[in-house]
>>> print(open('query_9.tsv').read())   # TSV, C-alpha atoms
chain	number	residue	atom	x	y	z
A	242	MET	CA	7.46	4.02	22.12
A	243	SER	CA	10.93	5.34	22.86
A	244	GLU	CA	11.56	8.96	23.69
A	245	GLY	CA	14.49	10.81	22.19
A	246	THR	CA	14.51	11.93	18.61
A	247	GLU	CA	18.25	12.20	18.01
A	248	GLN	CA	20.00	9.05	16.86
A	249	LEU	CA	22.51	7.53	14.48
A	250	LEU	CA	21.64	4.29	12.68
A	251	TYR	CA	24.61	2.40	11.25
A	252	GLY	CA	24.33	-0.35	8.61
A	253	LYS	CA	24.00	-0.91	4.90
A	254	VAL	CA	22.03	2.18	3.97
A	255	VAL	CA	19.67	1.80	1.02
A	256	ILE	CA	19.48	5.03	-0.96
A	257	PRO	CA	18.04	5.80	-4.42
A	258	GLY	CA	20.18	3.92	-6.90
A	259	GLY	CA	22.16	1.69	-4.59
A	260	VAL	CA	23.36	0.54	-1.19
A	261	ILE	CA	26.05	2.22	0.93
A	262	GLU	CA	27.84	-0.74	2.55
A	263	GLU	CA	29.24	1.30	5.44
A	264	GLY	CA	26.52	3.86	5.89
A	265	VAL	CA	24.78	5.87	8.54
A	266	VAL	CA	21.47	7.72	8.90
A	267	ALA	CA	21.30	10.64	11.33
A	268	ILE	CA	17.89	11.50	12.79
A	269	GLN	CA	17.06	14.72	14.60
A	270	ASP	CA	13.69	16.25	15.52
A	271	GLY	CA	11.74	13.81	13.38
A	272	SER	CA	13.76	14.32	10.24
A	273	ILE	CA	16.71	12.77	8.46
A	274	VAL	CA	19.63	15.19	8.63
A	275	TYR	CA	22.20	12.92	6.97
A	276	ALA	CA	22.14	9.67	5.00
A	277	GLY	CA	25.39	8.55	3.48
A	278	GLU	CA	28.85	7.12	4.07
A	279	VAL	CA	30.10	6.90	7.63
A	280	GLN	CA	33.37	8.62	6.73
A	281	ASN	CA	31.51	11.70	5.53
A	282	LEU	CA	29.24	12.11	8.56
A	283	PRO	CA	29.52	15.75	9.69
A	284	GLU	CA	31.26	16.09	13.04
A	285	ARG	CA	28.30	17.86	14.64
A	286	TRP	CA	26.23	14.65	14.43
A	287	GLN	CA	28.89	12.22	15.63
A	288	SER	CA	28.02	12.49	19.33
A	289	LEU	CA	24.42	11.26	18.94
A	290	SER	CA	23.40	7.93	20.48
A	291	SER	CA	23.62	5.09	17.99
A	292	LYS	CA	22.32	1.71	16.93
A	293	LYS	CA	24.14	-0.66	14.60
A	294	THR	CA	23.14	-3.60	12.42
A	295	ASP	CA	24.97	-5.99	10.15
A	296	GLY	CA	21.94	-5.68	7.89
A	297	TYR	CA	20.13	-2.84	6.17
A	298	ILE	CA	18.69	0.58	6.90
A	299	LEU	CA	15.64	1.14	4.67
A	300	PRO	CA	12.90	3.74	4.21
A	301	GLY	CA	9.62	2.70	5.86
A	302	PHE	CA	7.15	0.70	3.81
A	303	ILE	CA	4.01	2.36	2.39
A	304	ASP	CA	0.94	0.16	1.88
A	305	VAL	CA	-1.70	1.69	-0.41
A	306	HIS	CA	-4.03	-1.32	-0.24
A	307	VAL	CA	-4.79	-2.78	3.20
A	308	HIS	CA	-8.19	-3.61	4.72
A	309	GLY	CA	-7.21	-4.31	8.31
A	310	GLY	CA	-5.26	-6.53	10.66
A	311	ASN	CA	-4.85	-7.48	14.31
A	312	GLY	CA	-8.46	-8.71	14.29
A	313	GLU	CA	-9.91	-5.40	13.06
A	314	ASP	CA	-11.39	-4.19	9.75
A	315	PHE	CA	-11.35	-0.59	8.51
A	316	MET	CA	-15.06	-0.95	7.70
A	317	TYR	CA	-15.84	-1.26	11.43
A	318	SER	CA	-13.36	1.01	13.13
A	319	GLY	CA	-13.18	3.81	15.64
A	320	LYS	CA	-10.04	5.16	17.30
A	321	GLU	CA	-9.35	2.00	19.30
A	322	GLU	CA	-9.67	-0.24	16.26
A	323	LEU	CA	-7.56	2.10	14.11
A	324	ASP	CA	-4.86	2.06	16.77
A	325	LYS	CA	-4.90	-1.76	16.75
A	326	ILE	CA	-4.62	-1.93	12.95
A	327	THR	CA	-1.89	0.67	12.67
A	328	SER	CA	0.14	-0.64	15.62
A	329	PHE	CA	0.24	-4.14	14.11
A	330	HIS	CA	1.24	-3.04	10.64
A	331	CYS	CA	3.76	-0.59	12.07
A	332	SER	CA	5.40	-3.51	13.89
A	333	GLN	CA	5.75	-5.13	10.45
A	334	GLY	CA	7.53	-2.15	8.88
A	335	THR	CA	4.62	-0.14	7.47
A	336	THR	CA	5.10	3.53	8.30
A	337	ALA	CA	2.31	4.92	6.06
A	338	MET	CA	-0.86	3.41	4.60
A	339	LEU	CA	-4.23	4.00	3.01
A	340	ALA	CA	-7.24	2.74	4.95
A	341	THR	CA	-8.97	0.61	2.34
A	342	THR	CA	-12.74	0.19	2.22
A	343	MET	CA	-14.90	-2.53	0.68
A	344	THR	CA	-17.88	-2.49	-1.66
A	345	ALA	CA	-20.61	-1.49	0.78
A	346	PRO	CA	-23.71	0.72	1.11
A	347	LYS	CA	-22.93	4.42	0.84
A	348	ALA	CA	-23.79	4.98	4.50
A	349	ALA	CA	-21.13	2.46	5.56
A	350	ILE	CA	-18.51	4.18	3.40
A	351	ASP	CA	-19.62	7.55	4.82
A	352	LYS	CA	-18.90	6.23	8.32
A	353	VAL	CA	-15.40	5.03	7.42
A	354	LEU	CA	-14.53	8.37	5.87
A	355	LYS	CA	-15.66	10.20	9.02
A	356	GLU	CA	-13.73	7.86	11.34
A	357	VAL	CA	-10.51	8.13	9.34
A	358	HIS	CA	-10.90	11.91	8.97
A	359	ASP	CA	-11.33	12.28	12.73
A	360	TYR	CA	-8.39	9.95	13.42
A	361	LYS	CA	-6.12	12.00	11.19
A	362	GLN	CA	-6.84	15.11	13.26
A	363	GLN	CA	-5.12	13.48	16.26
A	364	ASP	CA	-1.56	12.41	16.89
A	365	MET	CA	-1.25	9.07	15.11
A	366	PRO	CA	1.18	7.10	17.30
A	367	TYR	CA	1.90	4.24	14.89
A	368	THR	CA	1.57	3.93	11.12
A	369	ILE	CA	0.43	7.21	9.57
A	370	ILE	CA	-2.86	6.90	7.70
A	371	GLU	CA	-2.36	9.15	4.69
A	372	GLY	CA	-5.96	8.80	3.51
A	373	VAL	CA	-8.50	6.35	2.14
A	374	HIS	CA	-8.40	3.89	-0.74
A	375	MET	CA	-11.97	3.21	-1.79
A	376	GLU	CA	-12.06	-0.28	-3.35
A	377	GLY	CA	-15.54	-0.30	-4.85
A	378	PRO	CA	-18.47	0.01	-4.91
A	379	PHE	CA	-17.97	0.94	-8.60
A	380	ILE	CA	-16.78	-2.52	-9.71
A	381	SER	CA	-17.97	-5.33	-11.99
A	382	PRO	CA	-20.46	-7.92	-10.73
A	383	LYS	CA	-18.64	-10.43	-12.96
A	384	TRP	CA	-15.45	-10.13	-10.87
A	385	PRO	CA	-16.58	-9.37	-7.31
A	386	GLY	CA	-13.91	-11.49	-5.61
A	387	ALA	CA	-14.49	-11.02	-1.90
A	388	GLN	CA	-16.64	-7.93	-2.45
A	389	ASN	CA	-20.37	-8.23	-1.78
A	390	PRO	CA	-22.12	-7.99	-5.19
A	391	GLU	CA	-25.32	-6.74	-3.53
A	392	HIS	CA	-23.68	-3.36	-2.98
A	393	ILE	CA	-22.16	-2.84	-6.44
A	394	VAL	CA	-23.29	0.35	-8.24
A	395	ASN	CA	-22.18	2.25	-11.32
A	396	PRO	CA	-19.58	4.98	-10.87
A	397	ASN	CA	-21.22	8.06	-9.38
A	398	VAL	CA	-19.51	11.44	-9.75
A	399	GLU	CA	-22.07	13.09	-7.45
A	400	TRP	CA	-21.01	10.82	-4.60
A	401	LEU	CA	-17.35	11.55	-5.29
A	402	GLU	CA	-18.01	15.29	-5.34
A	403	ALA	CA	-19.89	15.14	-2.05
A	404	TRP	CA	-17.15	13.12	-0.33
A	405	GLU	CA	-14.41	15.41	-1.63
A	406	SER	CA	-16.37	18.47	-0.54
A	407	GLN	CA	-16.90	17.13	2.97
A	408	TYR	CA	-13.41	15.65	3.41
A	409	PRO	CA	-11.04	17.47	1.04
A	410	GLY	CA	-8.04	15.38	0.08
A	411	LEU	CA	-9.00	12.39	2.20
A	412	ILE	CA	-9.76	9.99	-0.65
A	413	LYS	CA	-6.45	9.18	-2.34
A	414	GLN	CA	-7.43	6.25	-4.55
A	415	VAL	CA	-10.61	4.73	-5.97
A	416	THR	CA	-10.75	1.26	-7.53
A	417	LEU	CA	-13.39	0.83	-10.20
A	418	ALA	CA	-14.25	-1.22	-13.29
A	419	PRO	CA	-13.49	1.09	-16.24
A	420	GLU	CA	-16.02	-0.62	-18.52
A	421	ARG	CA	-18.98	0.31	-16.32
A	422	GLU	CA	-21.43	3.04	-17.33
A	423	GLY	CA	-20.17	6.42	-16.15
A	424	ALA	CA	-16.64	5.16	-15.44
A	425	LEU	CA	-14.80	7.38	-17.93
A	426	ASN	CA	-16.47	10.52	-16.55
A	427	ALA	CA	-15.60	9.44	-13.01
A	428	ILE	CA	-11.98	8.74	-13.99
A	429	ALA	CA	-11.63	12.14	-15.62
A	430	TRP	CA	-13.12	13.80	-12.53
A	431	MET	CA	-10.73	11.94	-10.22
A	432	ASP	CA	-7.74	12.77	-12.37
A	433	ALA	CA	-8.68	16.46	-12.22
A	434	HIS	CA	-8.95	16.30	-8.41
A	435	GLY	CA	-5.69	14.48	-7.67
A	436	ILE	CA	-7.27	11.12	-6.83
A	437	ASN	CA	-5.66	7.95	-8.20
A	438	ALA	CA	-8.14	6.21	-10.48
A	439	ALA	CA	-7.34	2.49	-10.42
A	440	LEU	CA	-8.83	-0.48	-12.25
A	441	GLY	CA	-9.81	-3.59	-10.36
A	442	HIS	CA	-12.53	-6.22	-10.09
A	443	THR	CA	-13.10	-5.61	-13.76
A	444	ASP	CA	-14.25	-7.36	-16.92
A	445	ALA	CA	-12.64	-4.74	-19.15
A	446	THR	CA	-11.13	-5.54	-22.51
A	447	TYR	CA	-7.71	-4.26	-23.49
A	448	GLU	CA	-9.37	-1.54	-25.58
A	449	GLN	CA	-11.60	-0.42	-22.70
A	450	VAL	CA	-8.60	-0.14	-20.39
A	451	GLU	CA	-6.74	1.97	-22.95
A	452	ALA	CA	-9.74	4.29	-23.23
A	453	ALA	CA	-9.71	4.62	-19.44
A	454	VAL	CA	-5.99	5.43	-19.46
A	455	GLU	CA	-6.65	8.21	-21.95
A	456	ALA	CA	-9.25	9.54	-19.49
A	457	GLY	CA	-6.73	9.53	-16.62
A	458	LEU	CA	-6.61	6.02	-15.13
A	459	ARG	CA	-3.08	5.21	-13.93
A	460	GLN	CA	-3.15	2.17	-11.65
A	461	GLY	CA	-3.97	-1.54	-11.65
A	462	VAL	CA	-5.15	-3.08	-8.39
A	463	HIS	CA	-3.71	-6.45	-7.21
A	464	THR	CA	-2.47	-7.27	-10.72
A	465	PHE	CA	-3.63	-10.58	-12.25
A	466	ASN	CA	-6.34	-11.00	-9.58
A	467	ALA	CA	-10.02	-10.15	-10.28
A	468	MET	CA	-9.43	-8.99	-13.85
A	469	THR	CA	-9.66	-10.42	-17.36
A	470	PRO	CA	-6.50	-12.48	-17.96
A	471	LEU	CA	-3.83	-12.22	-20.63
A	472	HIS	CA	-4.49	-14.15	-23.84
A	473	HIS	CA	-2.30	-13.81	-26.90
A	474	ARG	CA	-5.24	-12.73	-29.08
A	475	LYS	CA	-7.20	-10.97	-26.33
A	476	PRO	CA	-4.76	-9.16	-24.07
A	477	GLY	CA	-7.53	-8.24	-21.64
A	478	THR	CA	-7.06	-6.14	-18.53
A	479	ALA	CA	-3.91	-7.98	-17.48
A	480	GLY	CA	-2.37	-7.43	-20.91
A	481	ALA	CA	-3.05	-3.71	-20.71
A	482	VAL	CA	-1.49	-3.47	-17.26
A	483	LEU	CA	1.58	-5.37	-18.44
A	484	SER	CA	2.08	-3.47	-21.67
A	485	ASP	CA	1.12	0.12	-20.85
A	486	ASP	CA	3.92	1.93	-19.02
A	487	ARG	CA	1.46	4.58	-17.83
A	488	ILE	CA	-0.26	2.02	-15.58
A	489	HIS	CA	1.29	1.46	-12.16
A	490	ALA	CA	0.83	-2.17	-11.10
A	491	GLU	CA	0.07	-3.29	-7.56
A	492	ILE	CA	1.28	-6.77	-6.64
A	493	ILE	CA	0.52	-9.06	-3.68
A	494	ALA	CA	3.82	-10.88	-3.14
A	495	ASP	CA	2.73	-13.75	-0.91
A	496	GLY	CA	3.17	-16.75	-3.21
A	497	ILE	CA	-0.57	-17.38	-3.01
A	498	HIS	CA	-2.18	-14.68	-5.14
A	499	VAL	CA	0.45	-14.66	-7.89
A	500	HIS	CA	3.07	-17.20	-8.97
A	501	PRO	CA	6.63	-15.86	-8.47
A	502	ALA	CA	7.35	-16.30	-12.20
A	503	CYS	CA	4.51	-13.89	-13.00
A	504	ILE	CA	5.81	-11.39	-10.43
A	505	SER	CA	9.22	-11.67	-12.06
A	506	ILE	CA	7.74	-10.96	-15.50
A	507	LEU	CA	5.87	-7.97	-14.08
A	508	ALA	CA	9.02	-6.63	-12.42
A	509	LYS	CA	10.93	-6.91	-15.70
A	510	LEU	CA	8.25	-4.87	-17.48
A	511	LYS	CA	7.50	-2.31	-14.79
A	512	THR	CA	10.85	-0.56	-14.58
A	513	ASN	CA	9.77	3.09	-14.44
A	514	ASP	CA	8.95	3.28	-10.72
A	515	ASN	CA	5.56	1.77	-11.58
A	516	LEU	CA	5.49	-1.48	-9.58
A	517	ILE	CA	3.95	-1.25	-6.10
A	518	LEU	CA	4.03	-3.85	-3.34
A	519	ILE	CA	0.76	-4.15	-1.39
A	520	THR	CA	-0.56	-6.55	1.22
A	521	ASP	CA	-4.35	-6.45	0.61
A	522	ALA	CA	-4.33	-7.63	4.23
A	523	MET	CA	-7.63	-8.25	5.99
A	524	SER	CA	-8.49	-8.46	9.67
A	525	ALA	CA	-6.84	-11.88	10.14
A	526	ALA	CA	-3.36	-10.50	9.46
A	527	GLY	CA	-1.36	-11.10	12.61
A	528	MET	CA	-4.02	-13.45	13.97
A	529	PRO	CA	-4.35	-17.27	14.19
A	530	ASP	CA	-6.30	-19.35	11.69
A	531	GLY	CA	-10.07	-19.30	12.16
A	532	ASP	CA	-13.28	-17.54	11.13
A	533	TYR	CA	-13.26	-13.84	10.27
A	534	THR	CA	-15.09	-11.36	8.05
A	535	ILE	CA	-14.01	-9.05	5.27
A	536	GLY	CA	-16.52	-6.24	4.98
A	537	ASP	CA	-19.76	-8.09	5.63
A	538	LEU	CA	-18.72	-11.45	4.11
A	539	PRO	CA	-17.60	-14.50	6.15
A	540	VAL	CA	-14.02	-15.68	5.70
A	541	GLU	CA	-12.18	-18.82	6.76
A	542	VAL	CA	-8.43	-18.60	7.28
A	543	LYS	CA	-6.48	-21.86	7.09
A	544	ASP	CA	-2.70	-22.07	6.98
A	545	GLY	CA	-2.68	-18.29	6.67
A	546	ILE	CA	-4.78	-18.35	3.46
A	547	ALA	CA	-8.01	-16.34	3.59
A	548	MET	CA	-10.93	-17.70	1.52
A	549	LEU	CA	-14.60	-16.76	1.39
A	550	LYS	CA	-16.34	-19.25	3.64
A	551	GLY	CA	-17.88	-22.17	1.79
A	552	GLU	CA	-15.89	-21.49	-1.39
A	553	THR	CA	-12.68	-23.04	-2.69
A	554	SER	CA	-11.61	-20.48	-5.28
A	555	SER	CA	-12.31	-16.98	-3.94
A	556	LEU	CA	-9.39	-15.51	-2.05
A	557	ALA	CA	-10.52	-12.94	0.51
A	558	GLY	CA	-7.62	-10.55	0.81
A	559	SER	CA	-4.49	-11.84	2.52
A	560	THR	CA	-2.72	-12.18	5.84
A	561	LEU	CA	0.46	-10.75	4.31
A	562	THR	CA	2.59	-8.06	5.93
A	563	MET	CA	4.87	-5.65	4.08
A	564	ILE	CA	8.05	-7.10	5.59
A	565	LYS	CA	7.06	-10.60	4.45
A	566	GLY	CA	6.21	-9.31	0.98
A	567	PHE	CA	9.51	-7.45	0.84
A	568	ARG	CA	11.44	-10.59	1.78
A	569	TYR	CA	9.49	-12.61	-0.79
A	570	LEU	CA	10.46	-10.17	-3.54
A	571	VAL	CA	14.13	-10.51	-2.59
A	572	GLU	CA	14.43	-14.16	-1.62
A	573	THR	CA	11.95	-15.83	-3.98
A	574	VAL	CA	11.42	-13.47	-6.92
A	575	GLY	CA	15.07	-12.38	-6.99
A	576	LEU	CA	14.85	-8.59	-6.79
A	577	THR	CA	17.77	-6.75	-5.27
A	578	VAL	CA	17.23	-5.19	-1.86
A	579	GLU	CA	17.40	-1.73	-3.44
A	580	HIS	CA	14.84	-2.65	-6.13
A	581	ALA	CA	12.46	-4.22	-3.61
A	582	SER	CA	12.82	-1.14	-1.41
A	583	ARG	CA	11.69	1.13	-4.24
A	584	VAL	CA	8.71	-1.15	-4.90
A	585	ALA	CA	7.72	-1.08	-1.23
A	586	SER	CA	8.50	2.55	-0.38
A	587	PHE	CA	9.38	5.08	-3.07
A	588	ASN	CA	6.96	3.91	-5.77
A	589	PRO	CA	3.87	4.07	-3.53
A	590	ALA	CA	5.08	7.40	-2.12
A	591	LYS	CA	5.27	8.73	-5.65
A	592	ARG	CA	1.72	7.58	-6.43
A	593	LEU	CA	0.49	9.31	-3.28
A	594	ARG	CA	2.45	12.45	-4.21
A	595	ILE	CA	4.31	12.39	-0.89
A	596	GLU	CA	7.75	11.45	-2.25
A	597	ASN	CA	9.01	14.94	-1.37
A	598	ARG	CA	8.77	14.03	2.33
A	599	THR	CA	9.02	10.24	2.62
A	600	GLY	CA	9.76	7.05	0.68
A	601	THR	CA	13.58	7.39	0.52
A	602	LEU	CA	16.40	8.02	2.96
A	603	GLU	CA	17.51	11.55	2.14
A	604	ALA	CA	18.36	14.59	4.22
A	605	GLY	CA	15.32	16.79	4.77
A	606	LYS	CA	12.75	13.99	4.63
A	607	GLN	CA	10.81	12.78	7.63
A	608	ALA	CA	12.54	9.94	9.45
A	609	ASP	CA	10.41	6.95	8.44
A	610	VAL	CA	13.11	4.34	8.79
A	611	LEU	CA	13.50	0.57	9.17
A	612	MET	CA	16.44	-1.38	10.56
A	613	LEU	CA	16.80	-4.97	9.32
A	614	ASP	CA	19.30	-7.70	10.16
A	615	ASP	CA	21.26	-9.51	7.47
A	616	SER	CA	18.38	-12.02	7.08
A	617	LEU	CA	15.93	-9.16	6.40
A	618	ASN	CA	14.19	-9.48	9.77
A	619	LEU	CA	12.99	-6.25	11.38
A	620	GLN	CA	15.07	-4.89	14.25
A	621	GLY	CA	13.56	-1.43	14.56
A	622	VAL	CA	10.90	0.90	13.15
A	623	TRP	CA	10.99	4.71	13.29
A	624	VAL	CA	8.00	6.85	12.31
A	625	ARG	CA	8.69	10.58	11.96
A	626	GLY	CA	11.81	10.05	14.04
A	627	ARG	CA	10.12	8.20	16.90
A	628	GLN	CA	11.24	4.62	17.46
A	629	VAL	CA	7.91	2.80	17.66
A	630	PHE	CA	9.25	-0.78	17.58
>>> encode(input="query_9.tsv", output="C-alpha cells")
Amino acid sequence: MSEGTEQLLYGKVVIPGGVIEEGVVAIQDGSIVYAGEVQNLPERWQSLSSKKTDGYILPGFIDVHVHGGNGEDFMYSGKEELDKITSFHCSQGTTAMLATTMTAPKAAIDKVLKEVHDYKQQDMPYTIIEGVHMEGPFISPKWPGAQNPEHIVNPNVEWLEAWESQYPGLIKQVTLAPEREGALNAIAWMDAHGINAALGHTDATYEQVEAAVEAGLRQGVHTFNAMTPLHHRKPGTAGAVLSDDRIHAEIIADGIHVHPACISILAKLKTNDNLILITDAMSAAGMPDGDYTIGDLPVEVKDGIAMLKGETSSLAGSTLTMIKGFRYLVETVGLTVEHASRVASFNPAKRLRIENRTGTLEAGKQADVLMLDDSLNLQGVWVRGRQVF
C-alpha cells in the first residue's frame, strides 16, 4: 500500500452523464477535491504528484453480492480470511462490498455477523465491507440453486429483529422468496428498518412479486437465475423484474449465467439507475480450477465455471470479478463506459444509501478511484485516497 494521500490522476474521467476526454481527479486526505477538465484545475492543486493514463479514471466498483474469493468463503472467516477476500477483490477494482452469506443454520449466520461486525471496527486496509447481504435462509426449496435445502426456513421477523438489535445497521440486504409464509411481513419490517428486501431463489408468480413490491421489496437477485422464468402468458418472477421499474435488477455479467442478449434486453429496460452489476463470486475466484465448497456444499470448478459437484446444471456462484464483468458489459453487451460505470458503481451505491459519499467522481466524496488503460485493464486502485494496488 502506498503512502501519500495527495495526487493528481490524469485520463478520461468518467463523471455522471459523460466522459471528460482530457480530465483530472485531484485527491487529498482521502477525498476527491476536484474532478473535471484539466484546463480548469485550480492552481493550488497543480503541484501535486501525478499519474497519467491513456485510458479511464472511474469510481471504484461496489459489489453487493459476493460470497468469497482467494480461496476463502465469508461463511468461514475471521480477520485473516476477510483480509484475503477483500485484498483479492480490491485488486480487481472492488472498493466496497457486502459480505454475502449462504442458507445455513442460524448459529452459522450468527457467527458471520459477529466476524464482520468485529472486522468493521478495525481499519479495513483493502475493500471496505459496508455490511452483510444475507442470501437465505428464507428461500424456496423449489429453487435452492447452490444453497443447502436442509437449512431453508420461512421468513422470521424475530430473527431479523434480534440481529438488528445486536448489530444495528450491519445487515444491508436480505434475499428471500416472497411467496413463502411470513414473507410479506418480513419485507415490510425490512423496508421500515432500511434493509433492502430482495427476491431470489423463488417460485413466485408475477402477482406474488407485485404484492411483495407493494410491501416494500425493491430488488431482484442475480436476475434470470433461480427464479420462475418469463413466459408470455405467465410473466413469472423474471417478468416482474423486467417490467416493474421499482425493482432494481442484479446481473452476473460473465457470459455463463446469462446470455448477452438477455443482459442487453435488461439494460434497455432498466434505465432508471436500477441495474446493478454483481459477481456472485465464491471462494474459487482468483484461484485455479479444482474442488471447493460454497457454504457447506461441494463445488467443482472447471474452465472457471463453478458447478455443484456431481451435477451438470446447478451453477454454484461464479469466479467473476467486477473488472471482468465491467469489461463484458462494454465489450460484449455494448454498454458505453459511462453506462457500465453507473451499473458497477453508482447504482449499487444508491441501493446501499451511500451515494452521498462514494459511487461517483465528485468533489467532496471519498477517493474510491480506479485507473484503467485504453483496453479497460486495471492500472491502479485507490480506496479512501490510499493507493492499494
>>> closest_residue(input="query_9.tsv", among="A:Val357, A:Ile497, A:Ile393, A:Val482", to="Asn515 of chain A", atoms="all atoms listed in the file")
A:Val482
>>> residues_around(input="query_9.tsv", residues="segment 568-571 of chain A", least_positions_apart="3", cutoff="12 Å", atoms="all atoms listed in the file", output="MDAnalysis selection string")
chainID A and resid 333:334 492:497 499:505 507:508 516:520 561:565 574:585 613:619
>>> closest_atom_pairs(input="query_9.tsv", of="segment 319-424 of chain A", to="segment 278-302 of chain A", cutoff="12 Å", atoms="all atoms listed in the file", output="Markdown table")
| residue | atom | partner | partner_atom | distance |
| --- | --- | --- | --- | --- |
| A:His330 | CA | A:Phe302 | CA | 9.8 |
| A:Cys331 | CA | A:Phe302 | CA | 9.0 |
| A:Ser332 | CA | A:Gly301 | CA | 11.0 |
| A:Gln333 | CA | A:Phe302 | CA | 8.9 |
| A:Gly334 | CA | A:Phe302 | CA | 5.8 |
| A:Thr335 | CA | A:Phe302 | CA | 4.5 |
| A:Thr336 | CA | A:Gly301 | CA | 5.2 |
| A:Ala337 | CA | A:Phe302 | CA | 6.8 |
| A:Met338 | CA | A:Phe302 | CA | 8.5 |
| A:Leu339 | CA | A:Phe302 | CA | 11.9 |
| A:Tyr367 | CA | A:Gly301 | CA | 12.0 |
| A:Thr368 | CA | A:Gly301 | CA | 9.7 |
| A:Ile369 | CA | A:Gly301 | CA | 10.9 |
>>> write_last_selection(input="query_9.tsv", atoms="C-alpha atoms", output="compact mmCIF listing (two decimals), in the coordinates of the input")
# COMPACT_ATOMS: atom_id res chain seq x y z
CA HIS A 330 1.24 -3.04 10.64
CA CYS A 331 3.76 -0.59 12.07
CA SER A 332 5.40 -3.51 13.89
CA GLN A 333 5.75 -5.13 10.45
CA GLY A 334 7.53 -2.15 8.88
CA THR A 335 4.62 -0.14 7.47
CA THR A 336 5.10 3.53 8.30
CA ALA A 337 2.31 4.92 6.06
CA MET A 338 -0.86 3.41 4.60
CA LEU A 339 -4.23 4.00 3.01
CA TYR A 367 1.90 4.24 14.89
CA THR A 368 1.57 3.93 11.12
CA ILE A 369 0.43 7.21 9.57
>>> closest_residue(input="query_9.tsv", among="A:Asp521, A:Leu417, A:Ala348, A:His392", to="Gly566 of chain A", atoms="all atoms listed in the file")
A:Asp521
>>> residues_around(input="query_9.tsv", residues="Ser554 of chain A", least_positions_apart="2", cutoff="12 Å", atoms="only C-alpha atoms", output="JSON, numbers by chain")
{"A": [386, 387, 466, 467, 497, 498, 546, 547, 548, 549, 550, 551, 552, 556, 557]}
>>> atom_distance(input="query_9.tsv", atom1="atom CA of Gln414 of chain A", atom2="atom CA of Glu313 of chain A")
21.3 Å
>>> closest_residue(input="query_9.tsv", among="A:Asn597, A:Gln628, A:Asn588, A:Asn513", to="Pro366 of chain A", atoms="all atoms listed in the file")
A:Gln628
>>> residues_around(input="query_9.tsv", residues="Arg474 of chain A", least_positions_apart="4", cutoff="12 Å", atoms="only C-alpha atoms", output="short mmCIF file (atom, residue, chain, number, x, y, z; two decimals) with C-alpha atoms, in the coordinates of the input")
data_model
loop_
_atom_site.label_atom_id
_atom_site.label_comp_id
_atom_site.auth_asym_id
_atom_site.auth_seq_id
_atom_site.Cartn_x
_atom_site.Cartn_y
_atom_site.Cartn_z
CA THR A 446 -11.13 -5.54 -22.51
CA TYR A 447 -7.71 -4.26 -23.49
CA PRO A 470 -6.50 -12.48 -17.96
CA GLY A 480 -2.37 -7.43 -20.91
#
>>> residues_around(input="query_9.tsv", residues="segment 261-272 of chain A", least_positions_apart="6", cutoff="7 Å", atoms="only C-alpha atoms", output="ChimeraX atom specification")
/A:246-255,278-279,605-608,625-627
>>> residues_near_point(input="query_9.tsv", point="(-2.2, -24.0, 7.0)", cutoff="12 Å", atoms="all atoms listed in the file", output="PDB file with C-alpha atoms, in the frame of the given file")
ATOM      1  CA  PRO A 529      -4.350 -17.270  14.190  1.00  0.00           C
ATOM      2  CA  ASP A 530      -6.300 -19.350  11.690  1.00  0.00           C
ATOM      3  CA  GLY A 531     -10.070 -19.300  12.160  1.00  0.00           C
ATOM      4  CA  GLU A 541     -12.180 -18.820   6.760  1.00  0.00           C
ATOM      5  CA  VAL A 542      -8.430 -18.600   7.280  1.00  0.00           C
ATOM      6  CA  LYS A 543      -6.480 -21.860   7.090  1.00  0.00           C
ATOM      7  CA  ASP A 544      -2.700 -22.070   6.980  1.00  0.00           C
ATOM      8  CA  GLY A 545      -2.680 -18.290   6.670  1.00  0.00           C
ATOM      9  CA  ILE A 546      -4.780 -18.350   3.460  1.00  0.00           C
ATOM     10  CA  ALA A 547      -8.010 -16.340   3.590  1.00  0.00           C
ATOM     11  CA  THR A 560      -2.720 -12.180   5.840  1.00  0.00           C
TER      12      THR A 560
END
>>> axis_aligned_box(input="query_9.tsv", around="segment 465-474 of chain A", padding_each_side="6 Å", output="AutoDock Vina command-line options")
--center_x -6.2 --center_y -11.6 --center_z -19.3 --size_x 19.7 --size_y 17.2 --size_z 31.5
>>> residues_around(input="query_9.tsv", residues="Val454 of chain A", least_positions_apart="4", cutoff="8 Å", atoms="only C-alpha atoms", output="list in words")
Val450, Leu458, Arg459, Arg487 and Ile488 of chain A
>>> closest_residue(input="query_9.tsv", among="A:Asp609, A:Leu401, A:Arg421, A:Ile412", to="Val622 of chain A", atoms="all atoms listed in the file")
A:Asp609
